[in-house]
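Here the structure is laid out as structure tokens; the discussion comes afterwards.
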Amino acid sequence: MTTTLKSRLQDDLTAAIKARDELRSSTLRLTITAITKEEVAGESARELSDAEVEKIVAREAKKRREAAEAFEKGGRAAQAEREKAEGEVLAEYLPKPLTDDELDALVAEAVREAAAGGAEGPRAMGAVMKIVNPKIAGRAEGGRVAAAVKRQLAGG
């Protein structure tokens, strides 16, 4: 039984190929390949859960963002645009990113929870991250979350 997210990716790939949408089909093909690699990576082949598939899609999207930045710095605008466009295709399969306000609210809640458990000040970073990460689940980059936690622990 394939996961719903994986089958959606495969159906969309088929549609993109039929529509001769090269950007979309190549982006989805690479992502499905990454999923398949992960499925056969262990001792025995297995089906991935939607959450695991989502992690791979997020990792692929992050690769595109980083490549786009690198191409921009290198003055290669055309390649940067391509990477951005591929990243946008992948973003359609991910949960909507949190706004700064939503992120701050989740972090504030986690800071209160950690404080209730006796973890306060800058040393509470690990405790707060442990509480907040599952609630964010792929909807904000780790660096952005860490920065928000640091800001709030510093009393900012």
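Numbering starts fresh at 1 for the residues of each chain in the structure tokens, the chains themselves are lettered A, B, ... in the order given, and ligands are numbered from 1 as they appear.
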
Legend entry - Residues near region 131-139 of chain A, cut-off 6 Å, only C-alpha atoms, skip fewer than 2 positions along chain, as a PyMOL selection string: chain A and resi 97-98+110+128-129

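If you count only C-alpha atoms and ignore residues fewer than 6 places along the chain from Asp104 (chain A), what sits within 12 Å of it is Leu98, Ala110, Val111, Val132, Ile136, Ala140, Arg144, Val145, Ala146, Ala147, Ala148, Val149, Lys150, Arg151, Gln152, Leu153 and Gly156 of chain A.
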
Inset, instruction - Within 12 Å of Lys37 (chain A), counting only C-alpha atoms, which residues show up once you throw out same-chain ones fewer than 3 positions away? Write them as a ChimeraX atom specification, please. - result: /A:30-34,40-42,44-48,53,56

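For Ala58 (chain A), the list of residues within 9 Å, based on only C-alpha atoms and with local chain neighbours fewer than 3 positions off taken out, reads Val53, Glu54, Lys55, Ala61, Lys62, Lys63, Leu90, Ala91, Tyr93, Leu94 and Gly138 of chain A.
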
Output for the residues just chosen: C-alpha atoms as a compact mmCIF listing (two decimals), in the first residue's frame:
# COMPACT_ATOMS: atom_id res chain seq x y z
CA VAL A 53 7.96 11.14 2.70
CA GLU A 54 7.28 14.73 3.79
CA LYS A 55 10.73 14.91 5.44
CA ALA A 61 13.18 21.65 -1.17
CA LYS A 62 15.94 22.83 1.17
CA LYS A 63 18.58 21.60 -1.29
CA LEU A 90 8.08 20.94 -3.95
CA ALA A 91 6.56 23.53 -1.59
CA TYR A 93 3.59 19.13 -1.12
CA LEU A 94 4.65 20.56 2.23
CA GLY A 138 8.55 20.77 9.11

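Of the residues listed (A:Thr27, A:Arg59, A:Lys130, A:Gly155), A:Thr27 shows the shortest atom-to-atom separation from Glu88 (chain A); distances use only C-alpha atoms.
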
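Taking only C-alpha atoms into account, Val57 (chain A) lies nearest to A:Leu28 out of the set A:Ala127, A:Ala78, A:Leu28, A:Ala119.
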
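Of the residues under consideration (A:Leu23, A:Ala116, A:Ala70, A:Leu106), A:Leu23 shows the shortest atom-to-atom contact distance to Arg82 (chain A) when counting only C-alpha atoms.
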
Legend entry - Backbone DSSP call of alpha helix (DSSP H) for chain A, listed as number ranges by chain: A: 4-18, 22-39, 50-73, 77-91, 100-116, 125-136, 142-153

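Comparing the minimum interatomic distances between Arg8 (chain A) and each of A:Glu39, A:Glu52, A:Glu92, A:Glu141, counting only C-alpha atoms, we find that A:Glu92 sits nearest.
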
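Using only C-alpha atoms for every distance, the candidate list A:Asp100, A:Ser25, A:Pro95, A:Glu86 yields A:Ser25 as the residue closest to Asp12 (chain A).
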